[in-house]
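Structure file coords-v2.cif (mmCIF, C-alpha atoms) is printed below.
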```
data_model
#
loop_
_atom_site.label_atom_id
_atom_site.label_comp_id
_atom_site.auth_asym_id
_atom_site.auth_seq_id
_atom_site.Cartn_x
_atom_site.Cartn_y
_atom_site.Cartn_z
CA MET A 1 -0.46 12.52 -76.84
CA LYS A 2 0.55 11.22 -73.44
CA LYS A 3 -1.69 8.44 -72.13
CA VAL A 4 -2.71 8.58 -68.45
CA ALA A 5 -4.44 6.07 -66.18
CA ILE A 6 -5.73 6.60 -62.65
CA HIS A 7 -6.29 3.96 -59.98
CA GLN A 8 -6.61 3.77 -56.23
CA VAL A 9 -3.38 2.79 -54.52
CA ASN A 10 -3.97 -0.91 -53.89
CA PHE A 11 -2.32 -3.56 -51.72
CA PHE A 12 -0.07 -6.01 -53.68
CA PRO A 13 -2.33 -5.49 -56.72
CA TRP A 14 -3.47 -8.06 -59.26
CA LEU A 15 -2.53 -8.41 -62.94
CA PRO A 16 -5.19 -6.03 -64.41
CA PHE A 17 -3.83 -3.21 -62.21
CA PHE A 18 -0.33 -3.67 -63.60
CA HIS A 19 -1.68 -4.09 -67.14
CA LYS A 20 -3.26 -0.65 -66.84
CA LEU A 21 -0.01 0.76 -65.44
CA ALA A 22 2.11 -0.80 -68.19
CA SER A 23 -0.25 0.50 -70.91
CA VAL A 24 0.23 4.21 -70.20
CA ASP A 25 2.90 6.89 -70.00
CA HIS A 26 1.79 8.28 -66.63
CA PHE A 27 0.00 6.37 -63.87
CA VAL A 28 -1.70 8.32 -61.09
CA LEU A 29 -2.20 6.60 -57.74
CA LEU A 30 -5.44 7.92 -56.31
CA ASP A 31 -4.60 8.43 -52.64
CA ASP A 32 -6.63 11.49 -51.58
CA VAL A 33 -10.10 9.97 -51.96
CA GLN A 34 -12.03 8.41 -49.09
CA TYR A 35 -10.90 4.94 -48.06
CA GLU A 36 -13.48 2.30 -49.00
CA ARG A 37 -14.33 1.24 -45.47
CA THR A 38 -16.18 -2.10 -45.24
CA GLY A 39 -16.35 -4.77 -42.59
CA ALA A 40 -13.97 -7.09 -44.41
CA GLY A 41 -11.61 -4.48 -45.86
CA SER A 42 -10.98 -3.24 -49.37
CA TRP A 43 -8.50 -3.67 -52.22
CA GLN A 44 -6.41 -0.99 -50.51
CA ASN A 45 -5.56 -3.33 -47.62
CA ARG A 46 -6.20 -6.86 -48.84
CA VAL A 47 -5.77 -9.07 -51.90
CA ARG A 48 -6.34 -12.68 -52.87
CA LEU A 49 -3.57 -15.27 -53.15
CA ALA A 50 -3.72 -19.03 -53.49
CA PHE A 51 -3.27 -21.58 -50.71
CA GLN A 52 -3.41 -25.28 -51.55
CA GLY A 53 -4.95 -24.32 -54.88
CA ASN A 54 -7.74 -22.24 -53.35
CA PRO A 55 -7.97 -18.45 -53.06
CA TYR A 56 -7.51 -16.85 -49.66
CA TRP A 57 -7.25 -13.26 -48.46
CA LEU A 58 -3.93 -11.70 -47.50
CA THR A 59 -4.95 -8.78 -45.30
CA CYS A 60 -3.06 -5.83 -43.88
CA PRO A 61 -4.89 -4.87 -40.64
CA LEU A 62 -5.64 -1.18 -40.20
CA ASP A 63 -5.86 1.13 -37.23
CA ARG A 64 -9.62 1.44 -36.89
CA SER A 65 -9.34 4.50 -34.65
CA VAL A 66 -8.76 6.58 -37.79
CA PRO A 67 -11.98 8.51 -38.61
CA LYS A 68 -14.43 6.85 -41.00
CA THR A 69 -14.17 9.77 -43.40
CA ALA A 70 -10.38 9.42 -43.72
CA SER A 71 -8.76 9.35 -47.15
CA ILE A 72 -6.52 6.49 -48.24
CA MET A 73 -3.41 8.55 -47.50
CA GLU A 74 -4.65 9.12 -43.93
CA MET A 75 -5.12 5.43 -43.17
CA ARG A 76 -2.67 3.85 -40.74
CA ILE A 77 -1.51 0.24 -40.55
CA GLN A 78 -2.13 -1.49 -37.23
CA ASP A 79 0.91 -1.54 -34.95
CA ASP A 80 1.07 -5.32 -34.60
CA PRO A 81 3.96 -7.25 -36.24
CA ARG A 82 2.14 -10.59 -35.95
CA TRP A 83 0.25 -10.12 -39.23
CA LYS A 84 3.52 -9.66 -41.13
CA LYS A 85 5.03 -12.78 -39.61
CA LYS A 86 1.88 -14.78 -40.43
CA ALA A 87 1.80 -13.44 -44.01
CA ILE A 88 5.45 -14.33 -44.59
CA ASN A 89 5.05 -17.82 -43.11
CA THR A 90 1.95 -18.49 -45.21
CA LEU A 91 3.63 -17.32 -48.42
CA GLN A 92 6.70 -19.41 -47.65
CA LEU A 93 4.58 -22.49 -46.98
CA GLN A 94 2.50 -22.05 -50.14
CA TYR A 95 5.18 -21.01 -52.62
CA LYS A 96 8.44 -22.59 -51.43
CA LYS A 97 8.27 -25.12 -54.28
CA ALA A 98 7.28 -22.54 -56.91
CA PRO A 99 9.77 -22.27 -59.82
CA HIS A 100 10.75 -18.66 -59.00
CA PHE A 101 10.46 -18.69 -55.22
CA GLU A 102 14.19 -18.16 -54.59
CA THR A 103 14.32 -14.95 -56.64
CA VAL A 104 10.89 -13.48 -55.80
CA PHE A 105 10.34 -14.36 -52.14
CA PRO A 106 13.17 -12.18 -50.71
CA LEU A 107 11.65 -9.08 -52.37
CA VAL A 108 8.10 -9.92 -51.25
CA GLN A 109 9.32 -10.53 -47.70
CA GLU A 110 11.13 -7.18 -47.71
CA LEU A 111 7.99 -5.42 -48.96
CA ILE A 112 5.79 -7.00 -46.30
CA LEU A 113 8.27 -5.95 -43.60
CA ASN A 114 8.21 -2.30 -44.73
CA ASP A 115 7.98 -0.45 -41.41
CA THR A 116 5.95 2.59 -42.49
CA ASP A 117 2.53 2.80 -40.84
CA ASN A 118 1.07 4.87 -43.70
CA LEU A 119 -1.05 2.62 -45.93
CA ALA A 120 -0.68 4.73 -49.10
CA GLN A 121 3.10 4.94 -48.73
CA TYR A 122 3.30 1.20 -47.98
CA ASN A 123 1.31 0.33 -51.11
CA GLU A 124 3.12 2.83 -53.31
CA HIS A 125 6.49 1.39 -52.30
CA THR A 126 5.24 -2.12 -53.14
CA ILE A 127 3.92 -1.04 -56.55
CA ARG A 128 7.11 0.81 -57.48
CA SER A 129 9.30 -2.12 -56.36
CA ILE A 130 7.33 -4.63 -58.44
CA CYS A 131 7.52 -2.29 -61.44
CA ASN A 132 11.30 -2.14 -61.01
CA LEU A 133 11.45 -5.94 -60.85
CA MET A 134 9.63 -6.21 -64.19
CA GLY A 135 11.49 -3.31 -65.79
CA LEU A 136 8.41 -1.09 -66.21
CA THR A 137 9.29 2.57 -66.76
CA THR A 138 5.86 4.24 -66.54
CA THR A 139 5.95 7.52 -64.63
CA ILE A 140 4.08 7.16 -61.33
CA SER A 141 2.70 9.95 -59.17
CA ARG A 142 0.10 10.37 -56.43
CA SER A 143 -3.07 12.38 -56.94
CA SER A 144 -2.36 14.31 -53.74
CA GLU A 145 0.73 15.74 -55.46
CA LEU A 146 -1.21 17.11 -58.44
CA ASN A 147 -3.32 19.67 -56.56
CA VAL A 148 -6.68 18.87 -58.19
CA GLN A 149 -9.71 19.89 -56.12
CA THR A 150 -12.65 18.90 -58.37
CA THR A 151 -14.78 15.77 -57.96
CA GLY A 152 -16.34 13.00 -60.07
CA THR A 153 -15.59 12.81 -63.77
CA GLN A 154 -14.24 16.36 -63.78
CA ARG A 155 -11.61 15.28 -61.28
CA LEU A 156 -10.45 12.51 -63.63
CA ILE A 157 -10.20 14.97 -66.52
CA ASP A 158 -8.29 17.47 -64.40
CA LEU A 159 -5.88 14.79 -63.16
CA VAL A 160 -5.16 13.73 -66.75
CA LYS A 161 -4.41 17.34 -67.67
CA ALA A 162 -2.32 17.87 -64.51
CA ALA A 163 -0.23 14.89 -65.62
CA ASP A 164 0.23 16.56 -69.05
CA GLY A 165 -1.92 13.92 -70.68
CA GLY A 166 -4.28 14.01 -73.62
CA VAL A 167 -5.59 10.43 -73.46
CA TYR A 168 -7.36 8.83 -70.49
CA TYR A 169 -7.09 5.04 -70.25
CA ALA A 170 -10.18 4.04 -68.27
CA GLY A 171 -11.40 0.84 -66.70
CA ARG A 172 -14.37 -0.77 -68.42
CA ASN A 173 -16.51 -0.84 -65.27
CA ALA A 174 -16.04 2.89 -64.65
CA ALA A 175 -17.04 3.67 -68.23
CA ARG A 176 -20.23 1.62 -67.84
CA THR A 177 -21.26 3.01 -64.45
CA TYR A 178 -20.36 6.31 -62.78
CA GLN A 179 -18.15 7.93 -65.40
CA GLU A 180 -19.60 10.65 -67.69
CA ASN A 181 -17.88 9.53 -70.89
CA GLU A 182 -19.03 12.42 -73.06
CA ALA A 183 -17.33 14.95 -70.77
CA PHE A 184 -13.87 13.83 -71.87
CA GLU A 185 -14.41 14.64 -75.55
CA GLN A 186 -16.02 17.95 -74.61
CA GLN A 187 -12.80 18.93 -72.85
CA ASP A 188 -10.39 17.60 -75.50
CA VAL A 189 -9.36 14.45 -73.67
CA VAL A 190 -9.46 11.22 -75.69
CA LEU A 191 -11.14 8.37 -73.79
CA THR A 192 -9.86 4.83 -74.40
CA LEU A 193 -11.13 1.76 -72.56
CA GLU A 194 -9.13 -0.99 -70.96
CA ASN A 195 -9.44 -4.34 -72.71
CA PHE A 196 -7.65 -6.96 -70.63
CA THR A 197 -8.43 -10.57 -69.89
CA GLU A 198 -6.17 -12.67 -67.71
CA THR A 199 -4.23 -15.29 -69.62
CA PRO A 200 -3.99 -18.54 -67.64
CA TYR A 201 -0.48 -19.43 -66.51
CA PRO A 202 0.87 -22.51 -64.67
CA GLN A 203 0.02 -22.33 -60.97
CA LEU A 204 1.39 -24.40 -58.13
CA LYS A 205 -0.83 -27.00 -56.44
CA THR A 206 -3.80 -26.63 -58.78
CA THR A 207 -4.94 -28.09 -62.09
CA GLU A 208 -7.57 -25.38 -62.63
CA PHE A 209 -6.45 -21.79 -63.16
CA VAL A 210 -7.41 -19.43 -60.31
CA ALA A 211 -7.92 -15.90 -61.66
CA GLY A 212 -7.95 -12.60 -59.78
CA LEU A 213 -4.91 -13.18 -57.59
CA SER A 214 -2.18 -10.78 -56.56
CA ILE A 215 0.65 -10.39 -59.06
CA VAL A 216 2.80 -12.14 -56.44
CA ASP A 217 1.25 -15.45 -57.56
CA ALA A 218 2.34 -14.95 -61.18
CA LEU A 219 5.82 -13.77 -60.15
CA MET A 220 6.32 -16.87 -58.00
CA ASN A 221 5.05 -19.26 -60.67
CA VAL A 222 6.40 -17.85 -63.93
CA GLY A 223 8.93 -15.15 -62.95
CA SER A 224 9.20 -11.45 -63.70
CA GLU A 225 9.89 -11.72 -67.44
CA GLU A 226 6.87 -13.95 -68.16
CA THR A 227 4.69 -11.91 -65.82
CA ARG A 228 5.55 -8.80 -67.79
CA LYS A 229 4.40 -10.60 -70.94
CA LEU A 230 1.13 -11.53 -69.20
CA ILE A 231 0.31 -7.88 -68.47
CA GLN A 232 1.33 -6.60 -71.89
#
```

Full structure transcribed into structure tokens:
Amino acid sequence: MKKVAIHQVNFFPWLPFFHKLASVDHFVLLDDVQYERTGAGSWQNRVRLAFQGNPYWLTCPLDRSVPKTASIMEMRIQDDPRWKKKAINTLQLQYKKAPHFETVFPLVQELILNDTDNLAQYNEHTIRSICNLMGLTTTISRSSELNVQTTGTQRLIDLVKAADGGVYYAGRNAARTYQENEAFEQQDVVLTLENFTETPYPQLKTTEFVAGLSIVDALMNVGSEETRKLIQ
């Protein structure tokens, strides 16, 4: 049976995101749910990287005139090129001595400079490009393409079926909190739980491993081949 995972379409995601993607046959980017609007931002428009051995936030500023009830696919990136220039300069300063900077930085720079103002499209392009770099062949689609109108756990089940799946690969937190686990078996969908722990890898400018960073950090430090091993 085809294994399916579902995840919100995040900004330069971290290793667990790509582990989930690499573990399934079909990965659904959840783009038609409400954007998680907070004062500081969400994983859809920011992610942690390392600077001088300490974590810092790389943030994509959004157009705050978009209604508060907007979905992720309705969010727009702020029309201000300064954040892209700052992000590129910071990455160059931090990672220029990383072992794989010369091969990884040009791609990351190109992804940051993507000129679309649609947040979901921007993030999807980044995710697909990083998958190509690592040679991942998982089928990727967006939930808005699958024409599922239900909500909650039923929505997850219907998305799995719309993707021709029979197994749902779920995050551990979802299974412990909001997800109605028994509903999957009742509707002939096998529920399996993610079991991933980050393996420490050599990081620039630190003697203590910093977990929870964007996959960009691993790509810069150990390259695409070793990063693929880390997520598999």

### Message
At a cut-off of 8 Å, using all atoms listed in the file, what residues contact Gly166 in chain A? Leave out same-chain residues fewer than 2 positions from it and give the result as a PyMOL selection string.
### Response
chain A and resi 1-4+160-161+164+168+188-190

### Best match for closeness to Ala162 in chain A among A:Asn89, A:Gln149, A:Asn195, A:Thr138, counting only C-alpha atoms
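Residue with the minimum atom-to-atom distance to Ala162 in chain A: A:Gln149.
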
### Task
To one decimal in Å, tell me the separation between CA of Ser141 in chain A and CA of Ala163 in chain A.
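Taking CA of Ser141 in chain A and CA of Ala163 in chain A, their separation equals 8.6 Å.
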
### Message
Taking the file as I've supplied it (selection: the PyMOL selection byres ((chain A and resi 53) around 8)), which residues are included? Please answer as a list in words.
### Response
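Those residues are Ala50, Phe51, Gln52, Asn54, Pro55, Leu204, Lys205, Thr206 and Val210 of chain A.
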
### Query
Taking into account only C-alpha atoms, which residue in the set A:Arg76, A:His19, A:Arg64, A:Lys97 is nearest to Asn118 in chain A?
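Counting only C-alpha atoms, the residue closest to Asn118 in chain A is A:Arg76.
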
### Task
Evaluate the PyMOL selection byres ((chain A and resi 21) around 10) on the structure here and hand back the selected residues as a PyMOL selection string.
chain A and resi 4-7+15-20+22-29+127+131+136-140+169+231-232

### Task
On this file, the PyMOL selection byres ((chain A and resi 61) around 7) gives some set of residues; write that set as a list in words.
Thr59, Cys60, Leu62, Asp63, Ile77 and Gln78 of chain A

### Query
CA of Gln44 in chain A to CA of Gly171 in chain A: how many Å, to one decimal?
17.0 Å

Please provide as a CSV table (one decimal) with C-alpha atoms, keeping the file's coordinate frame all residues within 8 Å of Val9 in chain A, with the sequence filter that same-chain residues fewer than 2 positions apart are discarded (counting only C-alpha atoms).
```csv
chain,number,residue,atom,x,y,z
A,7,HIS,CA,-6.3,4.0,-60.0
A,11,PHE,CA,-2.3,-3.6,-51.7
A,29,LEU,CA,-2.2,6.6,-57.7
A,30,LEU,CA,-5.4,7.9,-56.3
A,31,ASP,CA,-4.6,8.4,-52.6
A,44,GLN,CA,-6.4,-1.0,-50.5
A,72,ILE,CA,-6.5,6.5,-48.2
A,120,ALA,CA,-0.7,4.7,-49.1
A,123,ASN,CA,1.3,0.3,-51.1
A,124,GLU,CA,3.1,2.8,-53.3
```

### Query
Counting only C-alpha atoms, what is within 10 Å of Val216 in chain A, bar same-chain residues fewer than 2 positions away, as a list of chain:residue names?
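Near neighbours after the sequence-gap exclusion: A:Phe12, A:Pro13, A:Trp14, A:Leu15, A:Arg48, A:Leu49, A:Ala50, A:Leu91, A:Tyr95, A:Val104, A:Phe105, A:Val108, A:Ile130, A:Leu213, A:Ser214, A:Ala218, A:Leu219, A:Met220, A:Asn221, A:Gly223, A:Ser224, A:Thr227.
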
### Point-to-point distance from CA of Leu119 in chain A to CA of Ser144 in chain A, Å rounded to tenths
14.1 Å

### Message
Let me make sure I understand: among A:Ile215, A:Thr90, A:Pro81, A:Val222, which one has the smallest atom-to-atom distance to Thr126 in chain A if we use all atoms listed in the file?
### Response
A:Ile215

#### Entry: From A:Val47, A:Leu107, A:Val33, A:Val167, residue lying nearest Gly152 in chain A [all atoms listed in the file]
A:Val33
